[in-house]
>>> print(open('entry.tsv').read())   # TSV, C-alpha atoms
chain	number	residue	atom	x	y	z
A	23	MET	CA	45.77	-9.77	43.77
A	24	SER	CA	43.93	-12.91	42.74
A	25	GLY	CA	40.89	-10.86	41.67
A	26	ALA	CA	42.98	-8.45	39.59
A	27	ALA	CA	44.38	-11.13	37.31
A	28	PRO	CA	41.07	-12.32	35.87
A	29	ALA	CA	39.90	-8.72	35.44
A	30	SER	CA	42.98	-7.81	33.40
A	31	ALA	CA	42.76	-10.88	31.16
A	32	PRO	CA	40.07	-9.40	28.83
A	33	HIS	CA	42.15	-6.22	28.55
A	34	ARG	CA	45.21	-8.19	27.48
A	35	LEU	CA	43.15	-10.27	25.07
A	36	GLY	CA	41.63	-7.10	23.61
A	37	PHE	CA	45.10	-5.60	23.16
A	38	VAL	CA	46.35	-8.77	21.46
A	39	LEU	CA	43.28	-8.84	19.19
A	40	GLY	CA	43.76	-5.20	18.22
A	41	LEU	CA	47.44	-5.79	17.45
A	42	PHE	CA	46.60	-8.85	15.37
A	43	LEU	CA	43.95	-6.93	13.41
A	44	LEU	CA	46.42	-4.13	12.68
A	45	LEU	CA	49.17	-6.53	11.57
A	46	ALA	CA	46.76	-8.54	9.42
A	47	ALA	CA	45.50	-5.33	7.81
A	48	ALA	CA	49.07	-4.21	7.12
A	49	GLY	CA	49.77	-7.52	5.41
A	50	LEU	CA	46.63	-7.24	3.29
A	51	LEU	CA	47.50	-3.65	2.39
A	52	LEU	CA	50.79	-4.87	0.94
A	53	LEU	CA	49.02	-7.75	-0.81
A	54	GLY	CA	46.41	-5.39	-2.23
A	55	ALA	CA	49.13	-3.39	-3.96
A	56	GLY	CA	49.87	-6.45	-6.09
A	57	VAL	CA	46.32	-7.53	-6.93
A	58	GLY	CA	44.78	-6.13	-10.08
A	59	SER	CA	44.36	-6.57	-13.82
A	60	THR	CA	48.14	-6.61	-14.37
A	61	GLY	CA	48.86	-8.84	-11.38
A	62	PHE	CA	52.15	-8.68	-9.50
A	63	ASP	CA	54.02	-7.62	-12.63
A	64	SER	CA	53.32	-4.00	-11.75
A	65	VAL	CA	54.96	-4.47	-8.37
A	66	LEU	CA	58.03	-6.14	-9.88
A	67	GLN	CA	58.38	-3.45	-12.53
A	68	ALA	CA	57.44	-0.43	-10.40
A	69	ARG	CA	61.04	0.49	-9.63
A	70	HIS	CA	61.96	0.93	-13.29
A	71	ASP	CA	58.60	1.48	-15.00
A	72	PRO	CA	56.86	4.82	-14.30
A	73	VAL	CA	53.53	3.49	-15.59
A	74	ALA	CA	53.64	0.48	-13.26
A	75	TRP	CA	54.50	2.74	-10.32
A	76	GLN	CA	51.63	5.08	-11.22
A	77	ILE	CA	49.21	2.13	-11.26
A	78	ILE	CA	50.29	1.15	-7.75
A	79	ARG	CA	50.49	4.68	-6.35
A	80	ASP	CA	47.35	6.21	-7.85
A	81	ILE	CA	45.01	3.21	-8.16
A	82	ARG	CA	45.85	0.19	-6.04
A	83	LEU	CA	47.22	1.80	-2.87
A	84	PRO	CA	44.40	4.36	-2.36
A	85	ARG	CA	41.81	1.73	-3.25
A	86	THR	CA	43.23	-0.76	-0.77
A	87	LEU	CA	43.59	1.81	1.99
A	88	GLY	CA	40.10	3.13	1.18
A	89	ALA	CA	38.63	-0.33	1.62
A	90	TRP	CA	40.18	-0.52	5.10
A	91	LEU	CA	38.91	2.94	6.05
A	92	ALA	CA	35.39	2.28	4.74
A	93	GLY	CA	35.27	-1.02	6.60
A	94	GLY	CA	36.43	0.75	9.74
A	95	LEU	CA	33.62	3.28	9.43
A	96	LEU	CA	31.02	0.55	8.88
A	97	GLY	CA	32.36	-1.55	11.79
A	98	LEU	CA	32.25	1.51	14.03
A	99	ALA	CA	28.69	2.33	12.91
A	100	GLY	CA	27.58	-1.24	13.58
A	101	ALA	CA	29.04	-1.30	17.09
A	102	VAL	CA	27.43	2.06	17.94
A	103	ALA	CA	24.06	0.97	16.52
A	104	GLN	CA	24.04	-2.31	18.45
A	105	GLY	CA	25.03	-0.61	21.69
A	106	LEU	CA	22.76	2.41	21.31
A	107	PHE	CA	19.66	0.40	20.44
A	108	ARG	CA	20.56	-2.60	22.64
A	109	ASN	CA	20.01	-4.88	19.69
A	110	PRO	CA	22.58	-7.34	18.29
A	111	LEU	CA	20.87	-7.22	14.89
A	112	ALA	CA	21.11	-3.44	14.53
A	113	ASP	CA	23.37	-2.15	11.81
A	114	PRO	CA	23.32	0.79	9.37
A	115	TYR	CA	21.30	-1.19	6.82
A	116	LEU	CA	18.60	-2.30	9.23
A	117	LEU	CA	18.07	1.17	10.67
A	118	GLY	CA	17.57	3.07	7.44
A	119	SER	CA	20.79	5.08	7.60
A	120	ALA	CA	22.45	3.36	4.63
A	121	SER	CA	19.34	3.73	2.47
A	122	GLY	CA	19.05	7.37	3.51
A	123	ALA	CA	22.71	7.95	2.67
A	124	ALA	CA	22.23	6.38	-0.76
A	125	LEU	CA	19.20	8.62	-1.38
A	126	GLY	CA	21.26	11.66	-0.39
A	127	VAL	CA	23.99	10.72	-2.86
A	128	ALA	CA	21.44	10.10	-5.64
A	129	LEU	CA	19.90	13.54	-5.07
A	130	ALA	CA	23.35	15.16	-5.12
A	131	LEU	CA	24.22	13.41	-8.38
A	132	ALA	CA	20.90	14.41	-9.94
A	133	LEU	CA	20.76	18.02	-8.75
A	134	PHE	CA	24.39	19.04	-9.18
A	135	GLY	CA	25.50	16.76	-12.01
A	136	VAL	CA	28.57	15.51	-10.16
A	137	SER	CA	30.05	12.06	-10.61
A	138	PRO	CA	30.89	9.46	-7.94
A	139	PHE	CA	34.16	8.95	-9.83
A	140	ALA	CA	35.23	12.59	-9.37
A	141	THR	CA	38.47	13.14	-7.46
A	142	SER	CA	37.87	16.77	-6.44
A	143	PHE	CA	37.97	17.27	-2.68
A	144	LEU	CA	34.90	19.52	-2.75
A	145	VAL	CA	32.91	16.91	-4.68
A	146	ARG	CA	33.92	14.11	-2.28
A	147	LEU	CA	33.10	16.33	0.70
A	148	GLY	CA	29.78	17.33	-0.85
A	149	LEU	CA	28.78	13.72	-1.47
A	150	THR	CA	29.71	12.88	2.12
A	151	GLY	CA	27.58	15.77	3.40
A	152	ALA	CA	24.62	14.68	1.28
A	153	ALA	CA	25.01	11.09	2.49
A	154	PHE	CA	25.25	12.27	6.11
A	155	ALA	CA	22.04	14.29	5.80
A	156	GLY	CA	20.26	11.32	4.26
A	157	ALA	CA	21.58	8.94	6.92
A	158	VAL	CA	20.40	11.21	9.74
A	159	GLY	CA	16.99	11.47	8.13
A	160	GLY	CA	16.76	7.70	7.74
A	161	VAL	CA	17.62	7.02	11.40
A	162	LEU	CA	15.28	9.71	12.71
A	163	LEU	CA	12.44	8.43	10.54
A	164	THR	CA	13.04	4.91	11.84
A	165	LEU	CA	12.97	6.13	15.45
A	166	LEU	CA	9.81	8.13	14.76
A	167	LEU	CA	7.98	5.14	13.31
A	168	SER	CA	9.10	2.81	16.12
A	169	ASN	CA	8.28	5.30	18.93
A	170	GLY	CA	11.84	5.17	20.23
A	171	VAL	CA	14.21	2.32	20.94
A	172	LEU	CA	12.34	0.39	23.64
A	173	HIS	CA	10.62	-2.12	21.36
A	174	THR	CA	13.18	-4.17	19.46
A	175	LEU	CA	10.75	-5.74	17.00
A	176	ARG	CA	9.13	-2.38	16.17
A	177	LEU	CA	12.56	-0.83	15.69
A	178	LEU	CA	13.71	-3.51	13.25
A	179	LEU	CA	10.39	-3.50	11.38
A	180	ALA	CA	10.45	0.29	11.11
A	181	GLY	CA	14.06	0.14	9.88
A	182	VAL	CA	13.15	-2.35	7.16
A	183	ILE	CA	10.16	-0.23	6.07
A	184	VAL	CA	12.20	2.97	5.99
A	185	GLY	CA	14.93	1.21	4.03
A	186	VAL	CA	12.44	0.00	1.42
A	187	VAL	CA	10.72	3.40	1.10
A	188	LEU	CA	13.98	5.36	0.85
A	189	GLY	CA	15.33	2.80	-1.61
A	190	ALA	CA	12.25	3.27	-3.77
A	191	ALA	CA	12.71	7.05	-3.59
A	192	ARG	CA	16.33	6.61	-4.68
A	193	ASP	CA	15.20	4.50	-7.66
A	194	LEU	CA	12.64	7.15	-8.64
A	195	VAL	CA	15.38	9.80	-8.62
A	196	THR	CA	17.54	7.54	-10.79
A	197	LEU	CA	14.71	6.97	-13.27
A	198	ALA	CA	13.90	10.67	-13.39
A	199	VAL	CA	17.51	11.51	-14.29
A	200	PRO	CA	18.72	8.69	-16.58
A	201	ASP	CA	22.17	10.31	-16.90
A	202	ILE	CA	23.09	9.02	-13.44
A	203	LEU	CA	21.82	5.48	-14.05
A	204	GLN	CA	25.20	3.93	-14.85
A	205	ALA	CA	26.93	5.67	-11.97
A	206	MET	CA	24.20	4.62	-9.54
A	207	GLN	CA	24.37	1.01	-10.72
A	208	ALA	CA	28.02	0.77	-9.76
A	209	PHE	CA	27.25	2.67	-6.56
A	210	LEU	CA	24.45	0.31	-5.53
A	211	LEU	CA	26.57	-2.80	-6.14
A	212	GLY	CA	29.24	-1.43	-3.81
A	213	SER	CA	32.73	-0.87	-5.17
A	214	THR	CA	36.06	0.55	-4.10
A	215	GLY	CA	36.90	1.19	-7.75
A	216	PHE	CA	36.23	4.93	-7.47
A	217	VAL	CA	38.22	5.44	-4.25
A	218	GLY	CA	41.26	7.70	-4.63
A	219	TRP	CA	43.53	9.55	-2.26
A	220	THR	CA	40.93	12.30	-1.83
A	221	SER	CA	38.32	9.76	-0.73
A	222	CYS	CA	40.84	8.25	1.68
A	223	GLY	CA	41.46	11.68	3.17
A	224	VAL	CA	37.73	12.32	3.64
A	225	MET	CA	37.14	8.93	5.28
A	226	ALA	CA	40.17	9.29	7.55
A	227	ALA	CA	39.00	12.77	8.56
A	228	VAL	CA	35.63	11.28	9.54
A	229	LEU	CA	36.88	8.05	11.12
A	230	LEU	CA	39.25	9.61	13.64
A	231	PRO	CA	36.81	12.04	15.34
A	232	THR	CA	33.83	9.69	15.22
A	233	LEU	CA	35.92	6.90	16.73
A	234	ALA	CA	37.13	9.27	19.45
A	235	VAL	CA	33.57	10.37	20.28
A	236	ALA	CA	32.26	6.79	20.33
A	237	TRP	CA	35.14	5.71	22.58
A	238	ALA	CA	34.53	8.65	24.92
A	239	LEU	CA	30.84	7.71	25.15
A	240	GLY	CA	31.62	4.06	25.82
A	241	ARG	CA	30.52	4.44	29.44
A	242	VAL	CA	27.12	5.64	28.26
A	243	LEU	CA	26.79	2.56	26.03
A	244	ASP	CA	27.77	0.38	28.98
A	245	GLY	CA	25.02	2.04	31.03
A	246	LEU	CA	22.45	1.63	28.28
A	247	ALA	CA	23.25	-2.08	28.15
A	248	LEU	CA	21.81	-2.27	31.68
A	249	GLY	CA	18.65	-0.44	30.64
A	250	ALA	CA	17.70	3.19	30.17
A	251	ALA	CA	16.39	3.52	33.73
A	252	THR	CA	19.60	2.16	35.22
A	253	ALA	CA	21.70	4.38	32.98
A	254	ALA	CA	19.70	7.43	34.05
A	255	SER	CA	20.11	6.49	37.71
A	256	LEU	CA	23.89	6.53	37.19
A	257	GLY	CA	23.67	10.20	36.26
A	258	LEU	CA	24.63	9.68	32.61
A	259	PRO	CA	23.59	12.46	30.16
A	260	LEU	CA	21.42	10.18	28.05
A	261	THR	CA	19.71	12.77	25.84
A	262	ALA	CA	22.90	14.50	24.73
A	263	ALA	CA	24.81	11.23	24.49
A	264	ARG	CA	22.14	9.60	22.33
A	265	ALA	CA	22.12	12.58	19.98
A	266	ALA	CA	25.91	12.42	19.70
A	267	LEU	CA	25.84	8.67	19.07
A	268	VAL	CA	23.17	9.03	16.36
A	269	ALA	CA	25.38	11.68	14.74
A	270	VAL	CA	28.36	9.32	14.92
A	271	LEU	CA	26.30	6.51	13.39
A	272	ALA	CA	25.01	8.70	10.58
A	273	LEU	CA	28.33	10.40	9.82
A	274	ALA	CA	30.30	7.14	9.76
A	275	THR	CA	27.69	5.48	7.56
A	276	GLY	CA	27.37	8.48	5.27
A	277	ALA	CA	31.12	8.81	4.76
A	278	ALA	CA	31.52	5.13	3.89
A	279	VAL	CA	28.48	5.01	1.58
A	280	ALA	CA	29.44	8.23	-0.21
A	281	GLN	CA	32.88	6.85	-1.11
A	282	THR	CA	32.23	3.15	-1.75
A	283	GLY	CA	28.49	2.73	-2.31
A	284	LEU	CA	26.30	0.20	-0.52
A	285	ILE	CA	28.36	-2.54	1.13
A	286	ALA	CA	26.28	-4.77	3.37
A	287	PHE	CA	26.87	-6.88	6.48
A	288	VAL	CA	30.28	-5.47	7.48
A	289	GLY	CA	28.67	-3.32	10.17
A	290	LEU	CA	26.66	-6.28	11.42
A	291	ALA	CA	29.40	-8.91	11.41
A	292	ALA	CA	32.33	-6.92	12.82
A	293	PRO	CA	30.97	-6.35	16.37
A	294	HIS	CA	29.70	-9.95	16.52
A	295	LEU	CA	33.13	-11.31	15.64
A	296	VAL	CA	34.81	-9.11	18.25
A	297	ARG	CA	32.36	-10.14	20.98
A	298	SER	CA	32.83	-13.80	20.09
A	299	ILE	CA	36.56	-13.43	20.77
A	300	VAL	CA	36.72	-11.07	23.75
A	301	LYS	CA	34.25	-9.73	26.30
A	302	THR	CA	35.02	-6.08	26.84
A	303	THR	CA	33.48	-2.69	27.51
A	304	HIS	CA	31.89	-0.66	24.73
A	305	GLY	CA	34.77	1.81	24.68
A	306	ARG	CA	37.14	-0.91	23.55
A	307	LEU	CA	34.44	-2.67	21.53
A	308	VAL	CA	33.94	0.27	19.16
A	309	VAL	CA	37.69	0.50	18.52
A	310	LEU	CA	38.07	-3.24	17.95
A	311	SER	CA	34.95	-3.32	15.77
A	312	ALA	CA	36.38	-0.56	13.59
A	313	LEU	CA	39.61	-2.55	13.19
A	314	MET	CA	37.66	-5.75	12.51
A	315	GLY	CA	35.42	-4.01	9.96
A	316	GLY	CA	38.47	-2.59	8.20
A	317	LEU	CA	40.06	-6.02	8.00
A	318	LEU	CA	36.85	-7.67	6.75
A	319	LEU	CA	36.24	-5.19	3.94
A	320	LEU	CA	39.91	-5.09	3.00
A	321	ALA	CA	40.00	-8.89	2.74
A	322	ALA	CA	36.78	-8.89	0.72
A	323	ASP	CA	38.14	-6.23	-1.64
A	324	VAL	CA	41.37	-8.14	-2.28
A	325	LEU	CA	39.36	-11.32	-2.83
A	326	ALA	CA	36.95	-9.57	-5.20
A	327	ARG	CA	39.87	-8.38	-7.33
A	328	TRP	CA	41.63	-11.76	-7.30
A	329	LEU	CA	38.86	-14.33	-7.84
A	330	ILE	CA	38.19	-13.69	-11.52
A	331	ALA	CA	41.23	-11.56	-12.38
A	332	PRO	CA	41.82	-9.65	-14.64
A	333	GLN	CA	38.12	-8.86	-14.14
A	334	GLU	CA	36.69	-8.24	-10.69
A	335	LEU	CA	33.56	-8.76	-8.65
A	336	PRO	CA	31.73	-5.84	-7.01
A	337	VAL	CA	32.88	-6.02	-3.41
A	338	GLY	CA	29.35	-5.26	-2.18
A	339	VAL	CA	28.07	-8.43	-3.85
A	340	LEU	CA	30.81	-10.49	-2.21
A	341	THR	CA	30.20	-9.09	1.28
A	342	ALA	CA	26.46	-9.69	0.85
A	343	VAL	CA	27.06	-13.37	0.02
A	344	LEU	CA	29.61	-13.93	2.78
A	345	GLY	CA	27.79	-11.77	5.33
A	346	GLY	CA	24.45	-13.36	4.57
A	347	SER	CA	25.98	-16.79	5.08
A	348	TYR	CA	27.44	-15.66	8.39
A	349	LEU	CA	24.06	-14.32	9.52
A	350	LEU	CA	22.36	-17.59	8.59
A	351	TRP	CA	24.99	-19.45	10.62
A	352	LEU	CA	24.32	-17.18	13.61
A	353	MET	CA	20.59	-17.85	13.34
A	354	HIS	CA	21.18	-21.60	13.06
A	355	ARG	CA	23.44	-21.56	16.10
A	356	SER	CA	20.98	-19.55	18.17
A	357	THR	CA	18.15	-21.90	17.14
A	358	GLY	CA	20.25	-24.87	18.22
A	359	ARG	CA	20.77	-23.32	21.65
A	360	GLY	CA	17.06	-22.86	22.15
A	361	SER	CA	14.79	-19.86	22.07
A	362	GLY	CA	15.66	-18.82	25.61
A	363	ARG	CA	19.38	-18.48	25.10
A	364	GLY	CA	19.36	-17.61	21.39
A	365	ALA	CA	17.51	-14.32	21.58
A	366	GLY	CA	20.71	-12.31	21.63
A	367	LEU	CA	22.42	-14.38	18.92
>>> encode(input="entry.tsv", output="structure tokens")
Amino acid sequence: MSGAAPASAPHRLGFVLGLFLLLAAAGLLLLGAGVGSTGFDSVLQARHDPVAWQIIRDIRLPRTLGAWLAGGLLGLAGAVAQGLFRNPLADPYLLGSASGAALGVALALALFGVSPFATSFLVRLGLTGAAFAGAVGGVLLTLLLSNGVLHTLRLLLAGVIVGVVLGAARDLVTLAVPDILQAMQAFLLGSTGFVGWTSCGVMAAVLLPTLAVAWALGRVLDGLALGAATAASLGLPLTAARAALVAVLALATGAAVAQTGLIAFVGLAAPHLVRSIVKTTHGRLVVLSALMGGLLLLAADVLARWLIAPQELPVGVLTAVLGGSYLLWLMHRSTGRGSGRGAGL
């Protein structure tokens, strides 16, 4: 009995954390409905003013919910990447998947003449498919250049190189088709401004199955944390599981990038914040990281709309500043602890 109590404590703490993240997100969702160019006046007048109600229903609510869903996808992708590659610095941006997704979207915009602001379900689905294909290509190219996942430094270096090369290819596509330049500029800064109910539906349709698959493969991630040889000795299907996890990583990243553009550091910070609060298995970690990522991006989106209202900041710029500061703090803390203990941040 005495041994069961300590073992259940992380589970209770994880449940409390998840409940808090959901309640905080619900509060920010309500707050987001009142933040915009017209302020809270639209909320106060929505009951009697059809225009004010339309602003809330068709612009603010889907945008706010979309920010939460995109953050959830990025948090999930970050947790999967860090567990799959056994690297606390792994995230969609450092592994080439985000750059590949952006290249896929640029090619779709250039070849088919669609717009990232389009609300058609087929267009949103097509952009997500293009981003997914690009994200898969980016991850596979990174793995090819690094000769697998065994060498952390090679993996990160390969990811940076692939990101730069694919980013340059994206810029060449943009220069070759100047008509998409303005759309790509907003896309590269990262914005929830072109998220509507259709985008929310696409992201929700991707988040639920990818989260379920990542949760189901949590035991594989736990085994990989002990080393590939140990995981294989436990009888885990590593080859199939790794392929499924790469697909989850690419699909989650592609769906988020296709709907909101490039938004950095959410996938990196969310799992770190969860692990700093509770020590848990990867099955619970991916769920909590998705909730944490949703809360982080939702808070950043509300802040980006409120800081210089009635104008707004690109949310991708804000997350880059805040996330970069958080990463610098992590590096400073690990340096203070010494090189021996700081390797894992």
>>> residues_around(input="entry.tsv", residues="A:Leu53", least_positions_apart="2", cutoff="12 Å", atoms="all atoms listed in the file", output="number ranges by chain")
A: 46-51, 55-58, 61-62, 65, 78, 82-83, 86-87, 320-321, 323-325, 327-328
>>> residues_around(input="entry.tsv", residues="A:Gly159", least_positions_apart="2", cutoff="9 Å", atoms="all atoms listed in the file", output="JSON, numbers by chain")
{"A": [118, 119, 122, 123, 154, 155, 156, 157, 161, 162, 163, 164, 272]}
>>> write_last_selection(input="entry.tsv", atoms="C-alpha atoms", output="short mmCIF file (atom, residue, chain, number, x, y, z; two decimals), in the coordinates of the input")
data_model
loop_
_atom_site.label_atom_id
_atom_site.label_comp_id
_atom_site.auth_asym_id
_atom_site.auth_seq_id
_atom_site.Cartn_x
_atom_site.Cartn_y
_atom_site.Cartn_z
CA GLY A 118 17.57 3.07 7.44
CA SER A 119 20.79 5.08 7.60
CA GLY A 122 19.05 7.37 3.51
CA ALA A 123 22.71 7.95 2.67
CA PHE A 154 25.25 12.27 6.11
CA ALA A 155 22.04 14.29 5.80
CA GLY A 156 20.26 11.32 4.26
CA ALA A 157 21.58 8.94 6.92
CA VAL A 161 17.62 7.02 11.40
CA LEU A 162 15.28 9.71 12.71
CA LEU A 163 12.44 8.43 10.54
CA THR A 164 13.04 4.91 11.84
CA ALA A 272 25.01 8.70 10.58
#
>>> closest_residue(input="entry.tsv", among="A:Ala31, A:Leu95, A:Ala130, A:Leu111", to="A:Ala274", atoms="all atoms listed in the file")
A:Leu95
>>> closest_residue(input="entry.tsv", among="A:Ala205, A:Val242, A:Leu344, A:Ala280", to="A:Arg108", atoms="only C-alpha atoms")
A:Val242
>>> residues_near_point(input="entry.tsv", point="(10.9, 1.4, 6.4)", cutoff="12 Å", atoms="all atoms listed in the file", output="PyMOL selection string")
chain A and resi 115-122+159-168+176-191
>>> residues_around(input="entry.tsv", residues="A:Gln281", least_positions_apart="3", cutoff="9 Å", atoms="only C-alpha atoms", output="MDAnalysis selection string")
chainID A and resid 88 92 138 146 149:150 209 213:214 216:217 221:222 224:225 276:278
>>> write_last_selection(input="entry.tsv", atoms="C-alpha atoms", output="PDB file, keeping the file's coordinate frame")
ATOM      1  CA  GLY A  88      40.100   3.130   1.180  1.00  0.00           C
ATOM      2  CA  ALA A  92      35.390   2.280   4.740  1.00  0.00           C
ATOM      3  CA  PRO A 138      30.890   9.460  -7.940  1.00  0.00           C
ATOM      4  CA  ARG A 146      33.920  14.110  -2.280  1.00  0.00           C
ATOM      5  CA  LEU A 149      28.780  13.720  -1.470  1.00  0.00           C
ATOM      6  CA  THR A 150      29.710  12.880   2.120  1.00  0.00           C
ATOM      7  CA  PHE A 209      27.250   2.670  -6.560  1.00  0.00           C
ATOM      8  CA  SER A 213      32.730  -0.870  -5.170  1.00  0.00           C
ATOM      9  CA  THR A 214      36.060   0.550  -4.100  1.00  0.00           C
ATOM     10  CA  PHE A 216      36.230   4.930  -7.470  1.00  0.00           C
ATOM     11  CA  VAL A 217      38.220   5.440  -4.250  1.00  0.00           C
ATOM     12  CA  SER A 221      38.320   9.760  -0.730  1.00  0.00           C
ATOM     13  CA  CYS A 222      40.840   8.250   1.680  1.00  0.00           C
ATOM     14  CA  VAL A 224      37.730  12.320   3.640  1.00  0.00           C
ATOM     15  CA  MET A 225      37.140   8.930   5.280  1.00  0.00           C
ATOM     16  CA  GLY A 276      27.370   8.480   5.270  1.00  0.00           C
ATOM     17  CA  ALA A 277      31.120   8.810   4.760  1.00  0.00           C
ATOM     18  CA  ALA A 278      31.520   5.130   3.890  1.00  0.00           C
TER      19      ALA A 278
END
>>> closest_residue(input="entry.tsv", among="A:Leu318, A:Val228, A:Ile202, A:Leu243", to="A:Thr275", atoms="all atoms listed in the file")
A:Val228
>>> atom_distance(input="entry.tsv", atom1="atom CA of A:Ala234", atom2="atom CA of A:Val268")
14.3 Å
>>> atom_distance(input="entry.tsv", atom1="atom CA of A:Ile299", atom2="atom CA of A:Met314")
11.3 Å
>>> closest_residue(input="entry.tsv", among="A:Asp113, A:Ala265, A:Leu194, A:Lys301", to="A:Leu98", atoms="all atoms listed in the file")
A:Asp113
>>> closest_residue(input="entry.tsv", among="A:Ser142, A:Gln204, A:Ser298, A:Asn109", to="A:Leu310", atoms="only C-alpha atoms")
A:Ser298
>>> atom_distance(input="entry.tsv", atom1="atom CA of A:Ala152", atom2="atom CA of A:Leu133")
11.3 Å
>>> closest_residue(input="entry.tsv", among="A:Gln104, A:Thr196, A:Gln207, A:Ser311", to="A:Gly338", atoms="all atoms listed in the file")
A:Gln207
>>> residues_around(input="entry.tsv", residues="A:Gly240", least_positions_apart="2", cutoff="12 Å", atoms="all atoms listed in the file", output="list of chain:residue names")
A:Ala101, A:Val102, A:Gly105, A:Leu106, A:Leu233, A:Ala234, A:Val235, A:Ala236, A:Trp237, A:Ala238, A:Val242, A:Leu243, A:Asp244, A:Gly245, A:Leu246, A:Ala247, A:Leu258, A:Ala263, A:Arg264, A:Ala266, A:Leu267, A:Thr302, A:Thr303, A:His304, A:Gly305, A:Arg306, A:Leu307, A:Val308, A:Val309
>>> residues_around(input="entry.tsv", residues="A:Asp201", least_positions_apart="4", cutoff="12 Å", atoms="all atoms listed in the file", output="list in words")
Ala128, Leu131, Ala132, Leu133, Phe134, Gly135, Val136, Ser137, Val195, Thr196, Leu197, Ala205, Met206 and Gln207 of chain A
>>> decode(input="entry.tsv", residues="stretch 64-103 of chain A", atoms="C-alpha atoms", output="PDB file, in the first residue's frame")
ATOM      1  CA  SER A  64     -19.020  43.501 -30.326  1.00  0.00           C
ATOM      2  CA  VAL A  65     -19.666  41.140 -27.430  1.00  0.00           C
ATOM      3  CA  LEU A  66     -21.923  43.633 -25.653  1.00  0.00           C
ATOM      4  CA  GLN A  67     -23.871  44.375 -28.823  1.00  0.00           C
ATOM      5  CA  ALA A  68     -23.959  40.842 -30.261  1.00  0.00           C
ATOM      6  CA  ARG A  69     -27.406  40.078 -28.871  1.00  0.00           C
ATOM      7  CA  HIS A  70     -29.062  42.957 -30.709  1.00  0.00           C
ATOM      8  CA  ASP A  71     -26.630  43.713 -33.549  1.00  0.00           C
ATOM      9  CA  PRO A  72     -26.414  41.102 -36.348  1.00  0.00           C
ATOM     10  CA  VAL A  73     -23.124  42.560 -37.611  1.00  0.00           C
ATOM     11  CA  ALA A  74     -21.504  42.307 -34.171  1.00  0.00           C
ATOM     12  CA  TRP A  75     -22.727  38.718 -33.820  1.00  0.00           C
ATOM     13  CA  GLN A  76     -21.362  37.869 -37.271  1.00  0.00           C
ATOM     14  CA  ILE A  77     -17.948  39.273 -36.294  1.00  0.00           C
ATOM     15  CA  ILE A  78     -17.857  37.028 -33.235  1.00  0.00           C
ATOM     16  CA  ARG A  79     -19.315  33.940 -34.911  1.00  0.00           C
ATOM     17  CA  ASP A  80     -17.467  34.004 -38.227  1.00  0.00           C
ATOM     18  CA  ILE A  81     -14.152  35.681 -37.326  1.00  0.00           C
ATOM     19  CA  ARG A  82     -13.214  35.676 -33.658  1.00  0.00           C
ATOM     20  CA  LEU A  83     -14.556  32.311 -32.485  1.00  0.00           C
ATOM     21  CA  PRO A  84     -13.085  30.182 -35.325  1.00  0.00           C
ATOM     22  CA  ARG A  85      -9.814  32.096 -35.111  1.00  0.00           C
ATOM     23  CA  THR A  86      -9.557  31.572 -31.361  1.00  0.00           C
ATOM     24  CA  LEU A  87     -10.492  27.903 -31.556  1.00  0.00           C
ATOM     25  CA  GLY A  88      -8.128  27.479 -34.515  1.00  0.00           C
ATOM     26  CA  ALA A  89      -5.245  28.883 -32.489  1.00  0.00           C
ATOM     27  CA  TRP A  90      -5.923  26.270 -29.790  1.00  0.00           C
ATOM     28  CA  LEU A  91      -6.134  23.439 -32.327  1.00  0.00           C
ATOM     29  CA  ALA A  92      -2.963  24.519 -34.163  1.00  0.00           C
ATOM     30  CA  GLY A  93      -1.101  24.791 -30.863  1.00  0.00           C
ATOM     31  CA  GLY A  94      -2.336  21.337 -29.920  1.00  0.00           C
ATOM     32  CA  LEU A  95      -0.998  19.904 -33.174  1.00  0.00           C
ATOM     33  CA  LEU A  96       2.387  21.590 -32.705  1.00  0.00           C
ATOM     34  CA  GLY A  97       2.623  20.490 -29.049  1.00  0.00           C
ATOM     35  CA  LEU A  98       1.795  16.930 -30.077  1.00  0.00           C
ATOM     36  CA  ALA A  99       4.383  17.030 -32.886  1.00  0.00           C
ATOM     37  CA  GLY A 100       7.032  18.335 -30.489  1.00  0.00           C
ATOM     38  CA  ALA A 101       6.391  15.620 -27.911  1.00  0.00           C
ATOM     39  CA  VAL A 102       6.512  12.896 -30.579  1.00  0.00           C
ATOM     40  CA  ALA A 103       9.708  14.311 -32.103  1.00  0.00           C
TER      41      ALA A 103
END
